[in-house]
$ cat input14.cif   # mmCIF, C-alpha atoms
data_data
loop_
_atom_site.group_PDB
_atom_site.id
_atom_site.type_symbol
_atom_site.label_atom_id
_atom_site.label_comp_id
_atom_site.auth_asym_id
_atom_site.auth_seq_id
_atom_site.Cartn_x
_atom_site.Cartn_y
_atom_site.Cartn_z
ATOM 1 C CA MET A 1 9.220 -32.780 2.501
ATOM 2 C CA GLU A 2 10.233 -29.908 0.299
ATOM 3 C CA ILE A 3 11.692 -26.751 1.745
ATOM 4 C CA GLN A 4 10.543 -24.286 -0.902
ATOM 5 C CA PRO A 5 6.795 -24.076 -0.008
ATOM 6 C CA ILE A 6 7.642 -23.560 3.664
ATOM 7 C CA VAL A 7 10.070 -20.751 2.776
ATOM 8 C CA GLY A 8 7.305 -19.244 0.661
ATOM 9 C CA GLY A 9 4.914 -19.409 3.593
ATOM 10 C CA ILE A 10 7.396 -17.764 5.944
ATOM 11 C CA VAL A 11 8.115 -14.954 3.441
ATOM 12 C CA THR A 12 4.374 -14.422 3.006
ATOM 13 C CA LEU A 13 3.931 -14.243 6.774
ATOM 14 C CA MET A 14 6.666 -11.590 6.995
ATOM 15 C CA GLY A 15 4.883 -9.622 4.268
ATOM 16 C CA ALA A 16 1.614 -9.827 6.164
ATOM 17 C CA LEU A 17 3.334 -8.509 9.301
ATOM 18 C CA PHE A 18 4.698 -5.553 7.296
ATOM 19 C CA LEU A 19 1.200 -4.873 5.966
ATOM 20 C CA LEU A 20 -0.128 -4.847 9.524
ATOM 21 C CA LEU A 21 2.688 -2.505 10.623
ATOM 22 C CA GLY A 22 1.879 -0.135 7.775
ATOM 23 C CA ALA A 23 -1.804 -0.094 8.667
ATOM 24 C CA VAL A 24 -1.044 0.541 12.353
ATOM 25 C CA GLY A 25 1.301 3.365 11.300
ATOM 26 C CA VAL A 26 -1.455 4.930 9.208
ATOM 27 C CA LEU A 27 -3.666 4.814 12.272
ATOM 28 C CA ARG A 28 -1.117 6.083 14.806
ATOM 29 C CA MET A 29 1.086 8.690 13.105
ATOM 30 C CA PRO A 30 0.557 12.348 14.090
ATOM 31 C CA ASP A 31 0.117 14.142 10.756
ATOM 32 C CA SER A 32 -0.676 13.461 7.112
ATOM 33 C CA TYR A 33 2.909 13.445 5.864
ATOM 34 C CA ASN A 34 4.027 10.803 8.361
ATOM 35 C CA ARG A 35 0.976 8.773 7.396
ATOM 36 C CA ILE A 36 1.962 9.012 3.742
ATOM 37 C CA GLN A 37 5.469 7.757 4.552
ATOM 38 C CA THR A 38 4.480 4.749 6.639
ATOM 39 C CA GLY A 39 1.449 3.960 4.521
ATOM 40 C CA THR A 40 3.480 3.756 1.344
ATOM 41 C CA LYS A 41 6.833 2.309 2.373
ATOM 42 C CA ALA A 42 5.737 -0.406 4.764
ATOM 43 C CA THR A 43 2.895 -1.617 2.588
ATOM 44 C CA THR A 44 5.053 -1.651 -0.545
ATOM 45 C CA LEU A 45 7.578 -3.937 1.141
ATOM 46 C CA GLY A 46 4.771 -6.024 2.615
ATOM 47 C CA THR A 47 3.110 -6.563 -0.752
ATOM 48 C CA LEU A 48 6.423 -7.424 -2.416
ATOM 49 C CA LEU A 49 7.202 -10.065 0.237
ATOM 50 C CA PHE A 50 3.646 -11.376 -0.050
ATOM 51 C CA LEU A 51 3.860 -11.823 -3.830
ATOM 52 C CA VAL A 52 7.367 -13.326 -3.691
ATOM 53 C CA GLY A 53 6.170 -15.830 -1.095
ATOM 54 C CA ILE A 54 3.259 -16.887 -3.272
ATOM 55 C CA GLY A 55 5.662 -17.143 -6.210
ATOM 56 C CA LEU A 56 7.940 -19.429 -4.197
ATOM 57 C CA TYR A 57 5.016 -21.727 -3.521
ATOM 58 C CA ASN A 58 3.883 -21.710 -7.195
ATOM 59 C CA PRO A 59 7.090 -21.175 -9.238
ATOM 60 C CA ILE A 60 5.192 -21.374 -12.527
ATOM 61 C CA TRP A 61 3.415 -18.112 -11.666
ATOM 62 C CA PHE A 62 6.595 -16.057 -11.454
ATOM 63 C CA PRO A 63 6.336 -14.187 -14.815
ATOM 64 C CA LYS A 64 2.933 -12.739 -13.998
ATOM 65 C CA LEU A 65 3.944 -12.011 -10.425
ATOM 66 C CA ILE A 66 7.028 -10.136 -11.654
ATOM 67 C CA VAL A 67 4.780 -7.921 -13.793
ATOM 68 C CA LEU A 68 2.678 -7.174 -10.710
ATOM 69 C CA ILE A 69 5.766 -6.525 -8.553
ATOM 70 C CA LEU A 70 7.306 -4.129 -11.088
ATOM 71 C CA PHE A 71 3.986 -2.321 -11.413
ATOM 72 C CA ILE A 72 3.755 -1.817 -7.650
ATOM 73 C CA ILE A 73 7.401 -0.719 -7.386
ATOM 74 C CA PHE A 74 6.921 1.946 -10.048
ATOM 75 C CA THR A 75 3.459 3.302 -9.223
ATOM 76 C CA ASN A 76 3.399 3.353 -5.431
ATOM 77 C CA PRO A 77 6.130 5.988 -4.813
ATOM 78 C CA VAL A 78 4.691 8.144 -7.597
ATOM 79 C CA SER A 79 1.252 8.243 -6.037
ATOM 80 C CA SER A 80 2.642 9.004 -2.570
ATOM 81 C CA HIS A 81 4.812 11.812 -3.977
ATOM 82 C CA VAL A 82 1.912 13.427 -5.838
ATOM 83 C CA LEU A 83 -0.270 13.141 -2.766
ATOM 84 C CA ALA A 84 2.327 14.742 -0.455
ATOM 85 C CA ARG A 85 2.909 17.555 -2.927
ATOM 86 C CA SER A 86 -0.754 18.397 -3.223
ATOM 87 C CA ALA A 87 -1.214 18.093 0.555
ATOM 88 C CA TYR A 88 1.543 20.653 1.095
ATOM 89 C CA SER A 89 0.226 23.034 -1.514
ATOM 90 C CA ILE A 90 -3.293 23.108 -0.057
ATOM 91 C CA GLY A 91 -1.839 23.899 3.369
ATOM 92 C CA ILE A 92 -2.203 20.752 5.487
ATOM 93 C CA LYS A 93 -0.506 21.464 8.832
ATOM 94 C CA LEU A 94 2.715 19.722 9.810
ATOM 95 C CA THR A 95 2.989 18.271 13.305
ATOM 96 C CA GLU A 96 4.477 20.408 16.112
ATOM 97 C CA ALA A 97 7.496 18.115 16.369
ATOM 98 C CA THR A 98 8.718 19.115 12.892
ATOM 99 C CA VAL A 99 12.296 20.426 13.025
ATOM 100 C CA VAL A 100 12.945 21.768 9.537
ATOM 101 C CA ASP A 101 10.556 22.836 6.769
ATOM 102 C CA LYS A 102 12.526 23.814 3.700
ATOM 103 C CA LEU A 103 9.432 24.536 1.599
ATOM 104 C CA LYS A 104 8.130 27.153 4.037
ATOM 105 C CA ASP A 105 8.675 30.091 1.648
ATOM 106 C CA THR A 106 6.514 28.526 -1.026
ATOM 107 C CA ARG A 107 3.631 27.548 1.235
ATOM 108 C CA GLY A 108 0.281 28.452 -0.283
ATOM 109 C CA GLU A 109 1.768 29.151 -3.682
ATOM 110 C CA GLU A 110 2.118 26.928 -6.694
ATOM 111 C CA ILE A 111 4.847 24.304 -6.244
ATOM 112 C CA ASP A 112 5.900 23.421 -9.745
ATOM 113 C CA ALA A 113 8.492 20.822 -10.538
ATOM 114 C CA MET B 114 2.532 -26.500 7.228
ATOM 115 C CA ALA B 115 2.813 -24.035 4.359
ATOM 116 C CA ASP B 116 -0.961 -23.856 4.000
ATOM 117 C CA THR B 117 -1.253 -22.927 7.673
ATOM 118 C CA LEU B 118 1.285 -20.136 7.163
ATOM 119 C CA PHE B 119 -0.702 -18.812 4.189
ATOM 120 C CA LEU B 120 -3.894 -18.931 6.263
ATOM 121 C CA ILE B 121 -2.270 -16.962 9.106
ATOM 122 C CA SER B 122 -0.963 -14.431 6.563
ATOM 123 C CA GLY B 123 -4.443 -13.950 5.135
ATOM 124 C CA VAL B 124 -5.936 -13.422 8.581
ATOM 125 C CA ILE B 125 -3.253 -10.836 9.443
ATOM 126 C CA ALA B 126 -3.877 -9.027 6.140
ATOM 127 C CA VAL B 127 -7.616 -8.864 6.851
ATOM 128 C CA LEU B 128 -6.792 -7.462 10.306
ATOM 129 C CA ALA B 129 -4.620 -4.798 8.661
ATOM 130 C CA LEU B 130 -7.544 -4.010 6.361
ATOM 131 C CA PHE B 131 -9.753 -3.256 9.367
ATOM 132 C CA VAL B 132 -7.077 -1.126 11.059
ATOM 133 C CA ALA B 133 -6.619 0.975 7.912
ATOM 134 C CA ALA B 134 -10.395 1.256 7.415
ATOM 135 C CA PHE B 135 -10.612 2.871 10.856
ATOM 136 C CA ARG B 136 -8.391 5.727 9.639
ATOM 137 C CA PHE B 137 -10.441 5.893 6.437
ATOM 138 C CA PHE B 138 -13.630 6.553 8.375
ATOM 139 C CA ARG B 139 -12.068 8.845 10.992
ATOM 140 C CA GLY B 140 -10.528 11.372 8.687
ATOM 141 C CA PRO B 141 -9.886 14.211 9.622
ATOM 142 C CA THR B 142 -8.894 15.652 6.221
ATOM 143 C CA ALA B 143 -9.436 14.413 2.693
ATOM 144 C CA VAL B 144 -5.726 13.646 2.323
ATOM 145 C CA ASP B 145 -5.880 11.198 5.224
ATOM 146 C CA ARG B 146 -8.792 9.444 3.591
ATOM 147 C CA VAL B 147 -6.926 9.160 0.304
ATOM 148 C CA ILE B 148 -3.903 7.680 2.103
ATOM 149 C CA ALA B 149 -6.121 5.173 3.865
ATOM 150 C CA PHE B 150 -7.723 4.303 0.526
ATOM 151 C CA ASP B 151 -4.291 3.723 -1.009
ATOM 152 C CA VAL B 152 -3.280 1.433 1.857
ATOM 153 C CA LEU B 153 -6.582 -0.444 1.631
ATOM 154 C CA THR B 154 -6.014 -1.042 -2.067
ATOM 155 C CA ILE B 155 -2.478 -2.319 -1.608
ATOM 156 C CA ILE B 156 -3.615 -4.733 1.099
ATOM 157 C CA SER B 157 -6.453 -5.830 -1.193
ATOM 158 C CA ILE B 158 -3.951 -6.663 -3.942
ATOM 159 C CA SER B 159 -2.198 -8.994 -1.489
ATOM 160 C CA LEU B 160 -5.509 -10.561 -0.556
ATOM 161 C CA ILE B 161 -6.409 -11.102 -4.225
ATOM 162 C CA ALA B 162 -3.035 -12.810 -4.700
ATOM 163 C CA ILE B 163 -3.660 -15.135 -1.771
ATOM 164 C CA ILE B 164 -7.159 -15.907 -3.074
ATOM 165 C CA ALA B 165 -5.576 -16.789 -6.419
ATOM 166 C CA HIS B 166 -3.206 -19.101 -4.551
ATOM 167 C CA SER B 167 -5.919 -20.839 -2.561
ATOM 168 C CA ALA B 168 -8.128 -21.266 -5.641
ATOM 169 C CA GLN B 169 -5.083 -22.221 -7.775
ATOM 170 C CA ARG B 170 -6.172 -19.914 -10.609
ATOM 171 C CA VAL B 171 -3.502 -17.740 -12.180
ATOM 172 C CA ILE B 172 -6.096 -15.628 -13.987
ATOM 173 C CA TYR B 173 -6.996 -13.889 -10.721
ATOM 174 C CA LEU B 174 -3.609 -12.148 -10.757
ATOM 175 C CA ASP B 175 -4.799 -10.151 -13.785
ATOM 176 C CA VAL B 176 -7.597 -8.847 -11.590
ATOM 177 C CA ALA B 177 -4.947 -7.673 -9.122
ATOM 178 C CA VAL B 178 -3.031 -5.852 -11.871
ATOM 179 C CA VAL B 179 -6.137 -4.024 -13.086
ATOM 180 C CA TYR B 180 -7.128 -3.197 -9.518
ATOM 181 C CA GLY B 181 -3.723 -1.674 -8.841
ATOM 182 C CA LEU B 182 -3.920 0.346 -12.060
ATOM 183 C CA LEU B 183 -7.326 1.760 -11.140
ATOM 184 C CA SER B 184 -6.158 2.614 -7.628
ATOM 185 C CA PHE B 185 -3.081 4.428 -8.964
ATOM 186 C CA LEU B 186 -5.171 6.497 -11.365
ATOM 187 C CA GLY B 187 -7.704 7.247 -8.650
ATOM 188 C CA VAL B 188 -5.104 8.529 -6.210
ATOM 189 C CA ILE B 189 -3.424 10.683 -8.880
ATOM 190 C CA ILE B 190 -6.746 12.189 -9.975
ATOM 191 C CA VAL B 191 -7.878 12.933 -6.419
ATOM 192 C CA ALA B 192 -4.524 14.563 -5.620
ATOM 193 C CA LYS B 193 -4.758 16.751 -8.723
ATOM 194 C CA TYR B 194 -8.323 17.657 -7.793
ATOM 195 C CA LEU B 195 -7.308 18.664 -4.268
ATOM 196 C CA GLU B 196 -4.471 20.777 -5.593
ATOM 197 C CA ARG B 197 -6.135 22.986 -8.167
ATOM 198 C CA GLY B 198 -9.520 21.574 -9.120
ATOM 199 C CA LEU B 199 -10.333 19.507 -12.127
#
$ encode --input "input14.cif" --output "structure tokens"
Amino acid sequence: MEIQPIVGGIVTLMGALFLLLGAVGVLRMPDSYNRIQTGTKATTLGTLLFLVGIGLYNPIWFPKLIVLILFIIFTNPVSSHVLARSAYSIGIKLTEATVVDKLKDTRGEEIDA
Amino acid sequence: MADTLFLISGVIAVLALFVAAFRFFRGPTAVDRVIAFDVLTIISISLIAIIAHSAQRVIYLDVAVVYGLLSFLGVIIVAKYLERGL
């Protein structure tokens, strides 16, 4: 009985749990910015664990899986950043529990990088 | 043993898909819907990978790559549209 497929299955199960946590966070968080955070970070880690687990089960697939993993690592934070920036500039409200808002002076105006 | 673990993982991912779809339909703003769409796409990439594993076809991973590319472009374009119009 080989150990590597079982390790792959366990890693995949952990990834699936992270995906579920990310989805529950998207459902439960109070405002759009918190939803962006949980929806991007938890699901990125979940997908990475998922793909690594499948790669452990089928080691010959690793080159193509590494392309997919690198693609997700590079594109996912970019899309969440662009989305948060545009959400702030069109005036989506922050939750009442927010402590500090350093972009308050520029609210409603153009936020250019 | 390992196949059972993969099956449980797939079922949990489908469950996550339904939980995120609830936020997609509920709203309340367009940004929330775009976030839910992003999460749905990422979970779908995982599901495509597990379908490729269960069918033992490596070509399905290319479908996942193209799907992720289209989702990335879609989110960027919708964010730009919300910010200042196309």
$ residues_around --input "input14.cif" --residues "Ser167 (chain B)" --least-positions-apart "6" --cutoff "12 Å" --atoms "all atoms listed in the file" --output "list in words"
Ile54, Tyr57 and Asn58 of chain A; Ala115, Asp116, Thr117, Phe119, Leu120, Gly123, Leu160, Ile161 and Tyr173 of chain B
$ closest_residue --input "input14.cif" --among "B:Val179, B:Ile189, B:Val124, B:Ala162" --to "Phe50 (chain A)" --atoms "all atoms listed in the file"
B:Ala162
$ closest_residue --input "input14.cif" --among "B:Asp151, B:Phe135, B:Ala126, B:Val144" --to "Gly39 (chain A)" --atoms "all atoms listed in the file"
B:Asp151
$ closest_residue --input "input14.cif" --among "B:Gln169, B:Val127, B:Val132, B:Asp145" --to "Ala84 (chain A)" --atoms "only C-alpha atoms"
B:Asp145
$ resolve_selection --input "input14.cif" --expression "the PyMOL selection byres ((chain B) within 8 of (chain A))" --output "PyMOL selection string"
chain B and resi 114-116+118-119+121-123+125-126+128-130+132-133+135-136+144-145+148-149+151-152+155-156+158-159+162-163+166+171+174+177-178+181+185+188-189+192-193+195-196
$ write_last_selection --input "input14.cif" --atoms "C-alpha atoms" --output "PDB file, in the frame of the given file"
ATOM      1  CA  MET B 114       2.532 -26.500   7.228  1.00  0.00           C
ATOM      2  CA  ALA B 115       2.813 -24.035   4.359  1.00  0.00           C
ATOM      3  CA  ASP B 116      -0.961 -23.856   4.000  1.00  0.00           C
ATOM      4  CA  LEU B 118       1.285 -20.136   7.163  1.00  0.00           C
ATOM      5  CA  PHE B 119      -0.702 -18.812   4.189  1.00  0.00           C
ATOM      6  CA  ILE B 121      -2.270 -16.962   9.106  1.00  0.00           C
ATOM      7  CA  SER B 122      -0.963 -14.431   6.563  1.00  0.00           C
ATOM      8  CA  GLY B 123      -4.443 -13.950   5.135  1.00  0.00           C
ATOM      9  CA  ILE B 125      -3.253 -10.836   9.443  1.00  0.00           C
ATOM     10  CA  ALA B 126      -3.877  -9.027   6.140  1.00  0.00           C
ATOM     11  CA  LEU B 128      -6.792  -7.462  10.306  1.00  0.00           C
ATOM     12  CA  ALA B 129      -4.620  -4.798   8.661  1.00  0.00           C
ATOM     13  CA  LEU B 130      -7.544  -4.010   6.361  1.00  0.00           C
ATOM     14  CA  VAL B 132      -7.077  -1.126  11.059  1.00  0.00           C
ATOM     15  CA  ALA B 133      -6.619   0.975   7.912  1.00  0.00           C
ATOM     16  CA  PHE B 135     -10.612   2.871  10.856  1.00  0.00           C
ATOM     17  CA  ARG B 136      -8.391   5.727   9.639  1.00  0.00           C
ATOM     18  CA  VAL B 144      -5.726  13.646   2.323  1.00  0.00           C
ATOM     19  CA  ASP B 145      -5.880  11.198   5.224  1.00  0.00           C
ATOM     20  CA  ILE B 148      -3.903   7.680   2.103  1.00  0.00           C
ATOM     21  CA  ALA B 149      -6.121   5.173   3.865  1.00  0.00           C
ATOM     22  CA  ASP B 151      -4.291   3.723  -1.009  1.00  0.00           C
ATOM     23  CA  VAL B 152      -3.280   1.433   1.857  1.00  0.00           C
ATOM     24  CA  ILE B 155      -2.478  -2.319  -1.608  1.00  0.00           C
ATOM     25  CA  ILE B 156      -3.615  -4.733   1.099  1.00  0.00           C
ATOM     26  CA  ILE B 158      -3.951  -6.663  -3.942  1.00  0.00           C
ATOM     27  CA  SER B 159      -2.198  -8.994  -1.489  1.00  0.00           C
ATOM     28  CA  ALA B 162      -3.035 -12.810  -4.700  1.00  0.00           C
ATOM     29  CA  ILE B 163      -3.660 -15.135  -1.771  1.00  0.00           C
ATOM     30  CA  HIS B 166      -3.206 -19.101  -4.551  1.00  0.00           C
ATOM     31  CA  VAL B 171      -3.502 -17.740 -12.180  1.00  0.00           C
ATOM     32  CA  LEU B 174      -3.609 -12.148 -10.757  1.00  0.00           C
ATOM     33  CA  ALA B 177      -4.947  -7.673  -9.122  1.00  0.00           C
ATOM     34  CA  VAL B 178      -3.031  -5.852 -11.871  1.00  0.00           C
ATOM     35  CA  GLY B 181      -3.723  -1.674  -8.841  1.00  0.00           C
ATOM     36  CA  PHE B 185      -3.081   4.428  -8.964  1.00  0.00           C
ATOM     37  CA  VAL B 188      -5.104   8.529  -6.210  1.00  0.00           C
ATOM     38  CA  ILE B 189      -3.424  10.683  -8.880  1.00  0.00           C
ATOM     39  CA  ALA B 192      -4.524  14.563  -5.620  1.00  0.00           C
ATOM     40  CA  LYS B 193      -4.758  16.751  -8.723  1.00  0.00           C
ATOM     41  CA  LEU B 195      -7.308  18.664  -4.268  1.00  0.00           C
ATOM     42  CA  GLU B 196      -4.471  20.777  -5.593  1.00  0.00           C
TER      43      GLU B 196
END
$ axis_aligned_box --input "input14.cif" --around "region 49-57 of chain A" --padding-each-side "4 Å" --output "AutoDock Vina command-line options"
--center_x 5.6 --center_y -15.9 --center_z -3.0 --size_x 12.7 --size_y 19.7 --size_z 14.4
$ resolve_selection --input "input14.cif" --expression "the PyMOL selection byres ((chain A and resi 97) around 12)" --output "list in words"
Met29, Pro30, Asp31, Asn34, Lys93, Leu94, Thr95, Glu96, Thr98, Val99, Val100 and Asp101 of chain A
$ write_last_selection --input "input14.cif" --atoms "C-alpha atoms" --output "mmCIF file, in the frame of the given file"
data_model
loop_
_atom_site.group_PDB
_atom_site.id
_atom_site.type_symbol
_atom_site.label_atom_id
_atom_site.label_comp_id
_atom_site.auth_asym_id
_atom_site.auth_seq_id
_atom_site.Cartn_x
_atom_site.Cartn_y
_atom_site.Cartn_z
ATOM 1 C CA MET A 29 1.086 8.690 13.105
ATOM 2 C CA PRO A 30 0.557 12.348 14.090
ATOM 3 C CA ASP A 31 0.117 14.142 10.756
ATOM 4 C CA ASN A 34 4.027 10.803 8.361
ATOM 5 C CA LYS A 93 -0.506 21.464 8.832
ATOM 6 C CA LEU A 94 2.715 19.722 9.810
ATOM 7 C CA THR A 95 2.989 18.271 13.305
ATOM 8 C CA GLU A 96 4.477 20.408 16.112
ATOM 9 C CA THR A 98 8.718 19.115 12.892
ATOM 10 C CA VAL A 99 12.296 20.426 13.025
ATOM 11 C CA VAL A 100 12.945 21.768 9.537
ATOM 12 C CA ASP A 101 10.556 22.836 6.769
#
$ atom_distance --input "input14.cif" --atom1 "CA of Ile190 (chain B)" --atom2 "CA of Thr142 (chain B)"
16.7 Å
$ atom_distance --input "input14.cif" --atom1 "CA of Arg139 (chain B)" --atom2 "CA of Val176 (chain B)"
29.0 Å
$ atom_distance --input "input14.cif" --atom1 "CA of Thr154 (chain B)" --atom2 "CA of Leu186 (chain B)"
12.0 Å
